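Structure file target32.cif (mmCIF, C-alpha atoms) is printed below.
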data_upload
loop_
_atom_site.label_atom_id
_atom_site.label_comp_id
_atom_site.auth_asym_id
_atom_site.auth_seq_id
_atom_site.Cartn_x
_atom_site.Cartn_y
_atom_site.Cartn_z
CA MET A 63 172.20 199.59 65.06
CA LEU A 64 175.30 197.44 65.31
CA VAL A 65 178.56 198.91 64.05
CA ILE A 66 178.75 196.28 61.34
CA ASP A 67 175.30 197.29 60.06
CA LYS A 68 176.49 200.85 59.55
CA TYR A 69 179.12 199.65 57.09
CA ALA A 70 176.73 197.17 55.45
CA TYR A 71 174.27 199.96 54.60
CA THR A 72 176.82 202.61 53.55
CA ASN A 73 179.50 200.72 51.60
CA ARG A 74 180.41 201.36 47.96
CA ILE A 75 178.59 198.29 46.57
CA VAL A 76 175.47 198.36 48.72
CA GLY A 77 173.42 198.59 45.51
CA TRP A 78 174.71 195.27 44.16
CA SER A 79 172.27 192.38 44.24
CA PRO A 80 172.81 189.92 47.10
CA GLN A 81 173.05 187.12 44.53
CA ARG A 82 176.15 188.67 42.96
CA LYS A 83 177.80 189.27 46.32
CA ALA A 84 176.95 185.75 47.45
CA MET A 85 178.64 184.36 44.34
CA PHE A 86 181.84 186.26 45.17
CA TRP A 87 181.65 185.03 48.77
CA LEU A 88 181.13 181.44 47.64
CA LEU A 89 184.09 181.72 45.26
CA GLY A 90 186.24 182.97 48.14
CA MET A 91 185.17 180.07 50.34
CA VAL A 92 186.01 177.57 47.61
CA ILE A 93 189.49 179.09 47.24
CA ALA A 94 189.93 179.13 51.01
CA PHE A 95 189.42 175.36 51.23
CA GLN A 96 191.05 174.25 47.99
CA PRO A 97 194.41 172.39 48.24
CA LEU A 98 196.70 175.04 46.66
CA LEU A 99 198.25 176.66 49.72
CA TRP A 100 199.83 179.67 47.97
CA LEU A 101 196.42 180.96 46.81
CA LYS A 102 195.10 181.39 50.35
CA PRO A 103 197.40 184.20 51.61
CA ILE A 104 196.94 186.07 48.31
CA LEU A 105 193.16 185.85 48.67
CA LEU A 106 193.35 186.81 52.34
CA VAL A 107 195.30 190.01 51.64
CA LEU A 108 193.25 190.99 48.59
CA VAL A 109 189.88 190.44 50.27
CA ALA A 110 190.94 192.25 53.45
CA TRP A 111 192.17 195.24 51.40
CA ASN A 112 189.01 195.22 49.26
CA THR A 113 186.81 195.11 52.37
CA MET A 114 188.52 198.14 53.88
CA TYR A 115 188.34 199.99 50.56
CA LEU A 116 184.65 199.29 49.96
CA THR A 117 183.53 200.01 53.51
CA GLN A 118 186.11 202.72 54.31
CA VAL A 119 186.73 201.05 57.65
CA SER A 120 190.08 201.73 59.28
CA PHE A 121 192.71 199.02 59.55
CA HIS A 122 192.60 199.26 63.36
CA GLN A 123 188.82 198.80 63.45
CA TYR A 124 189.05 195.90 61.01
CA LEU A 125 191.57 194.11 63.23
CA LYS A 126 189.38 194.64 66.29
CA TRP A 127 186.73 192.38 64.78
CA PHE A 128 189.18 189.48 65.03
CA TYR A 129 189.81 189.90 68.75
CA ALA A 130 186.83 187.74 69.75
CA ILE A 131 187.57 185.08 67.12
CA ILE A 132 191.33 184.53 67.36
CA PRO A 133 191.29 183.15 70.97
CA PHE A 134 188.88 180.39 69.91
CA LEU A 135 191.00 179.68 66.83
CA LEU A 136 194.16 179.48 68.94
CA LEU A 137 192.52 177.09 71.39
CA SER A 138 191.52 174.84 68.50
CA ILE A 139 195.05 174.89 67.10
CA VAL A 140 196.58 174.09 70.49
CA GLY A 141 194.29 171.07 70.71
CA ILE A 142 195.63 169.86 67.35
CA VAL A 143 199.37 170.38 67.81
CA PHE A 144 199.85 169.61 71.51
CA THR A 145 200.65 165.95 72.06
CA VAL A 146 202.25 163.38 74.34
CA SER A 147 204.65 160.71 73.09
CA HIS A 148 207.24 158.17 74.19
CA ASP A 149 209.57 159.32 71.38
CA ALA A 150 211.11 162.78 71.81
CA ARG A 151 212.02 162.90 68.11
CA THR A 152 208.33 163.34 67.16
CA ILE A 153 207.98 166.51 69.22
CA TYR A 154 209.27 170.07 68.95
CA GLY A 155 210.71 171.27 72.26
CA PRO A 156 209.92 168.09 74.21
CA VAL A 157 209.43 168.31 77.95
CA HIS A 158 210.08 165.08 79.85
CA LEU A 159 207.42 164.54 82.48
CA PHE A 160 205.97 161.35 84.01
CA ASN A 161 208.11 159.19 81.71
CA LEU A 162 206.55 160.85 78.66
CA TYR A 163 207.49 163.67 76.31
CA TRP A 164 205.10 166.63 76.07
CA GLY A 165 205.16 169.27 73.38
CA VAL A 166 204.24 170.26 69.82
CA SER A 167 203.78 167.42 67.36
CA ARG A 168 206.11 167.56 64.35
CA SER A 169 203.59 165.79 62.13
CA MET A 170 200.55 167.86 63.16
CA LEU A 171 202.11 171.33 63.13
CA PRO A 172 202.03 171.74 59.30
CA GLN A 173 198.41 170.59 59.25
CA ALA A 174 197.52 173.02 62.03
CA LEU A 175 199.12 175.89 60.11
CA ARG A 176 197.12 174.96 57.00
CA ILE A 177 193.91 174.86 59.01
CA THR A 178 194.71 178.24 60.54
CA LEU A 179 195.30 179.77 57.12
CA GLN A 180 192.09 178.23 55.79
CA ALA A 181 190.07 179.50 58.74
CA LEU A 182 191.48 183.05 58.53
CA THR A 183 190.83 183.20 54.78
CA ALA A 184 187.26 181.97 55.24
CA ILE A 185 186.69 184.49 58.05
CA VAL A 186 188.00 187.37 55.92
CA CYS A 187 185.70 186.35 53.05
CA THR A 188 182.74 186.11 55.41
CA TYR A 189 183.50 189.55 56.84
CA TRP A 190 183.56 190.90 53.27
CA PHE A 191 180.08 189.53 52.66
CA ALA A 192 178.71 190.66 56.04
CA LEU A 193 180.20 194.17 55.78
CA THR A 194 178.97 194.79 52.23
CA THR A 195 175.55 193.13 52.37
CA PRO A 196 172.71 194.61 54.46
CA PHE A 197 170.98 192.03 56.55
CA GLN A 198 167.70 192.57 54.73
CA GLN A 199 169.45 191.56 51.49
CA ILE A 200 170.85 188.43 53.12
CA ILE A 201 167.38 187.30 54.20
CA ALA A 202 165.94 188.15 50.78
CA PHE A 203 168.69 186.05 49.17
CA LEU A 204 167.91 183.08 51.40
CA LYS A 205 164.25 183.37 50.43
CA TRP A 206 165.31 183.60 46.78
CA LEU A 207 166.98 180.22 47.29
CA HIS A 208 163.64 178.89 48.64
CA LEU A 209 165.19 177.67 51.87
CA PRO A 210 162.82 176.54 54.65
CA ASN A 211 161.54 179.36 56.87
CA ILE A 212 162.88 177.70 60.01
CA LEU A 213 166.41 177.67 58.53
CA ILE A 214 166.13 181.33 57.53
CA GLU A 215 164.95 182.31 61.01
CA GLU A 216 167.76 180.35 62.67
CA THR A 217 170.27 182.03 60.37
CA MET A 218 168.88 185.44 61.20
CA LEU A 219 169.05 184.89 64.95
CA MET A 220 172.55 183.43 64.79
CA TYR A 221 173.76 186.34 62.65
CA ARG A 222 172.38 188.93 65.03
CA PHE A 223 173.72 187.31 68.17
CA ILE A 224 177.20 186.68 66.76
CA PHE A 225 177.71 190.36 66.10
CA ILE A 226 175.97 191.39 69.32
CA PHE A 227 178.52 189.15 71.05
CA VAL A 228 181.43 190.75 69.15
CA GLU A 229 180.25 194.28 69.90
CA ALA A 230 179.72 193.51 73.59
CA PHE A 231 183.22 191.97 73.73
CA GLU A 232 184.76 195.14 72.24
CA GLN A 233 182.95 197.45 74.65
CA ILE A 234 183.78 195.46 77.79
CA HIS A 235 187.37 194.84 76.73
CA GLN A 236 187.93 198.52 75.98
CA ALA A 237 186.47 199.52 79.35
CA GLN A 238 188.80 197.09 81.12
CA LYS A 239 191.83 198.39 79.22
CA LEU A 240 190.99 201.96 80.24
CA ARG A 241 191.00 200.77 83.85
CA PHE A 242 194.41 199.07 83.40
CA GLY A 243 192.84 195.63 83.68
CA TYR A 244 195.54 193.96 81.57
CA ASP A 245 198.69 195.51 83.02
CA ASN A 246 200.04 192.22 84.38
CA ILE A 247 199.27 188.51 84.27
CA ARG A 248 197.27 188.47 87.50
CA LEU A 249 195.08 191.35 86.39
CA MET A 250 194.73 189.83 82.92
CA ILE A 251 193.44 186.53 84.33
CA HIS A 252 191.07 188.36 86.66
CA SER A 253 189.81 190.65 83.89
CA SER A 254 189.33 187.73 81.49
CA GLY A 255 187.12 185.97 84.03
CA ILE A 256 185.04 189.11 84.50
CA LEU A 257 184.86 189.54 80.72
CA ALA A 258 183.49 186.00 80.22
CA LYS A 259 180.90 186.50 82.97
CA MET A 260 179.76 189.87 81.64
CA LEU A 261 179.58 188.59 78.06
CA PHE A 262 177.22 185.82 79.13
CA GLU A 263 175.08 188.28 81.08
CA GLN A 264 175.05 190.77 78.19
CA VAL A 265 173.93 188.15 75.69
CA MET A 266 171.10 187.11 78.00
CA VAL A 267 170.03 190.74 78.45
CA ASN A 268 170.07 191.30 74.69
CA TYR A 269 168.02 188.16 74.17
CA GLN A 270 165.45 189.35 76.70
CA ASN A 271 165.28 192.78 75.05
CA MET A 272 164.73 191.15 71.67
CA THR A 273 161.92 189.04 73.13
CA TYR A 274 160.22 192.16 74.50
CA ALA A 275 160.59 193.89 71.12
CA LEU A 276 159.06 190.94 69.28
CA ASP A 277 156.18 190.76 71.75
CA ALA A 278 155.53 194.47 71.25
CA LYS A 279 155.32 193.86 67.47
CA LEU A 280 152.88 190.97 67.97
CA TYR A 281 155.35 188.35 66.78
CA ASP A 282 153.44 185.23 65.71
CA GLY A 283 156.30 182.83 65.16
CA GLU A 284 157.36 183.93 61.66
CA PHE A 285 159.58 186.76 60.47
CA TYR A 286 158.10 188.51 57.45
CA VAL A 287 160.61 189.91 55.01
CA LYS A 288 160.56 190.95 51.37
CA GLY A 289 160.87 188.16 48.88
CA ARG A 290 163.11 187.99 45.87
CA GLU A 291 164.89 191.22 45.06
CA LYS A 292 165.53 192.46 41.57
CA LYS A 293 169.02 192.28 40.30
#
Render the structure in this file as structure tokens.
Amino acid sequence: MLVIDKYAYTNRIVGWSPQRKAMFWLLGMVIAFQPLLWLKPILLVLVAWNTMYLTQVSFHQYLKWFYAIIPFLLLSIVGIVFTVSHDARTIYGPVHLFNLYWGVSRSMLPQALRITLQALTAIVCTYWFALTTPFQQIIAFLKWLHLPNILIEETMLMYRFIFIFVEAFEQIHQAQKLRFGYDNIRLMIHSSGILAKMLFEQVMVNYQNMTYALDAKLYDGEFYVKGREKK
């Protein structure tokens, strides 16, 4: 069982119907992407606190689930704000190189900050739903919506492998820290390369193990789950 499943099956609102929890999640996503900026940090703090209260997860453990996500978010933001221009006045901290100015775009930085806040709020809301809703309820809810089976199966596989990836990242990263793999920049670069390689290998191993498990259960191309649950 993944760590996230333990909280999903033992939280304070595990008995709620998945429809009700999905409505709260959808409301959070709407607020995350609506134009009023001041609502987003309020929602982010409230949902994060509510998640820790309902699941009784520690603040440290909660933050650890962002370790595998934040690097990808930062790379996306760098791609938005980093620019090259002939006019140094359009750039924060311009560096003159090859007759051009390199640096952070003045016009794109506010937009990048808004996108970051939106993404973090959406991630927090999604964690709330994932940590309070057992996976069986999620699949039952998708069937309740009468979505195509192929879409439900793709969702199920993506869900499992995302959190398998996160858990593998935590385990490998912790093992490297215990071996002082991030004590300096050289070691950090070396350890990061090893981490990426081992993550790829671990995902492939987990995929192969899942294939063996499905073969042992005579998998015929369709996942059978309970239909609509009672509210």
Residue IDs satisfying the PyMOL selection byres ((chain A and resi 191-199) around 10), as a PyMOL selection string: chain A and resi 65-81+83-88+113-114+116-117+119+185-190+200-205+218+221-222+287-291
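What separates atom CA of Leu159 of chain A from atom CA of Leu137 of chain A is a distance of 22.4 Å.
Within 12 Å of the point (172.2, 187.9, 65.4) in file coordinates, and counting all atoms listed in the file, lie the residues Met63, Leu64, Ile66, Asp67, Ala192, Phe197, Ile214, Glu215, Glu216, Thr217, Met218, Leu219, Met220, Tyr221, Arg222, Phe223, Ile224, Phe225, Ile226, Phe227, Val228, Glu229, Val265, Asn268, Tyr269 and Met272 of chain A.
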Write out, as a Markdown table, each residue of segment 141-199 of chain A that has an atom at most 10 Å from segment 93-105 of chain A, together with the closest pair of atoms and their distance in Å to one decimal, counting only C-alpha atoms, rows going by chain and rising number.
| residue | atom | partner | partner_atom | distance |
| --- | --- | --- | --- | --- |
| A:Arg176 | CA | A:Leu99 | CA | 7.6 |
| A:Ile177 | CA | A:Phe95 | CA | 9.0 |
| A:Leu179 | CA | A:Lys102 | CA | 7.0 |
| A:Gln180 | CA | A:Ala94 | CA | 5.3 |
| A:Ala181 | CA | A:Ala94 | CA | 7.7 |
| A:Leu182 | CA | A:Ala94 | CA | 8.6 |
| A:Thr183 | CA | A:Ala94 | CA | 5.6 |
| A:Ala184 | CA | A:Ala94 | CA | 5.8 |
| A:Ile185 | CA | A:Ala94 | CA | 9.4 |
| A:Val186 | CA | A:Leu105 | CA | 9.0 |
| A:Cys187 | CA | A:Ala94 | CA | 8.6 |
Only C-alpha atoms, please: the residues just picked out, written as an mmCIF file, in the frame of the given file.
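Output (again-v4.cif):
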data_model
loop_
_atom_site.group_PDB
_atom_site.id
_atom_site.type_symbol
_atom_site.label_atom_id
_atom_site.label_comp_id
_atom_site.auth_asym_id
_atom_site.auth_seq_id
_atom_site.Cartn_x
_atom_site.Cartn_y
_atom_site.Cartn_z
ATOM 1 C CA ARG A 176 197.120 174.960 57.000
ATOM 2 C CA ILE A 177 193.910 174.860 59.010
ATOM 3 C CA LEU A 179 195.300 179.770 57.120
ATOM 4 C CA GLN A 180 192.090 178.230 55.790
ATOM 5 C CA ALA A 181 190.070 179.500 58.740
ATOM 6 C CA LEU A 182 191.480 183.050 58.530
ATOM 7 C CA THR A 183 190.830 183.200 54.780
ATOM 8 C CA ALA A 184 187.260 181.970 55.240
ATOM 9 C CA ILE A 185 186.690 184.490 58.050
ATOM 10 C CA VAL A 186 188.000 187.370 55.920
ATOM 11 C CA CYS A 187 185.700 186.350 53.050
#
Sel. within 10 Å of pt (199.2, 168.4, 70.0), counting all atoms listed in the file, output as a list in words: Ile139, Val140, Gly141, Ile142, Val143, Phe144, Thr145, Val146, Ser147, Ile153, Trp164, Gly165, Val166, Ser167, Arg168, Ser169, Met170, Leu171 and Ala174 of chain A
Å distance separating atom CA of Gln236 of chain A from atom CA of Tyr274 of chain A, one decimal place: 28.5 Å
Specify the axis-aligned box that encloses all atoms of segment 223-230 of chain A listed in the file after padding of 4 Å on each side, stating its centre and edge lengths in Å to one decimal as lines of an AutoDock Vina configuration file.
center_x = 177.6
center_y = 190.5
center_z = 69.8
size_x = 15.7
size_y = 15.6
size_z = 15.5
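Reported to one decimal place, the separation of atom CA of Tyr163 of chain A from atom CA of Ala150 of chain A is 5.8 Å.
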Top pick for closest residue to Leu136 of chain A, considering A:Ile256, A:Leu175, A:Leu207, A:Leu276 and counting all atoms listed in the file: A:Leu175
Spatial neighbours of Lys259 of chain A, 12 Å, all atoms listed in the file, chain gap at least 5 places, as a ChimeraX atom specification: /A:230-231,234,252-254,264-266
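Minimum atom-to-atom distance to Leu261 of chain A, evaluated using only C-alpha atoms, belongs to A:Gln233 out of A:Asn246, A:Thr178, A:Gln233, A:Gln118.
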A:Thr273, A:Asn161, A:Asn211, A:Gln173 ranked by distance to His148 of chain A, top pick (using all atoms listed in the file): A:Asn161
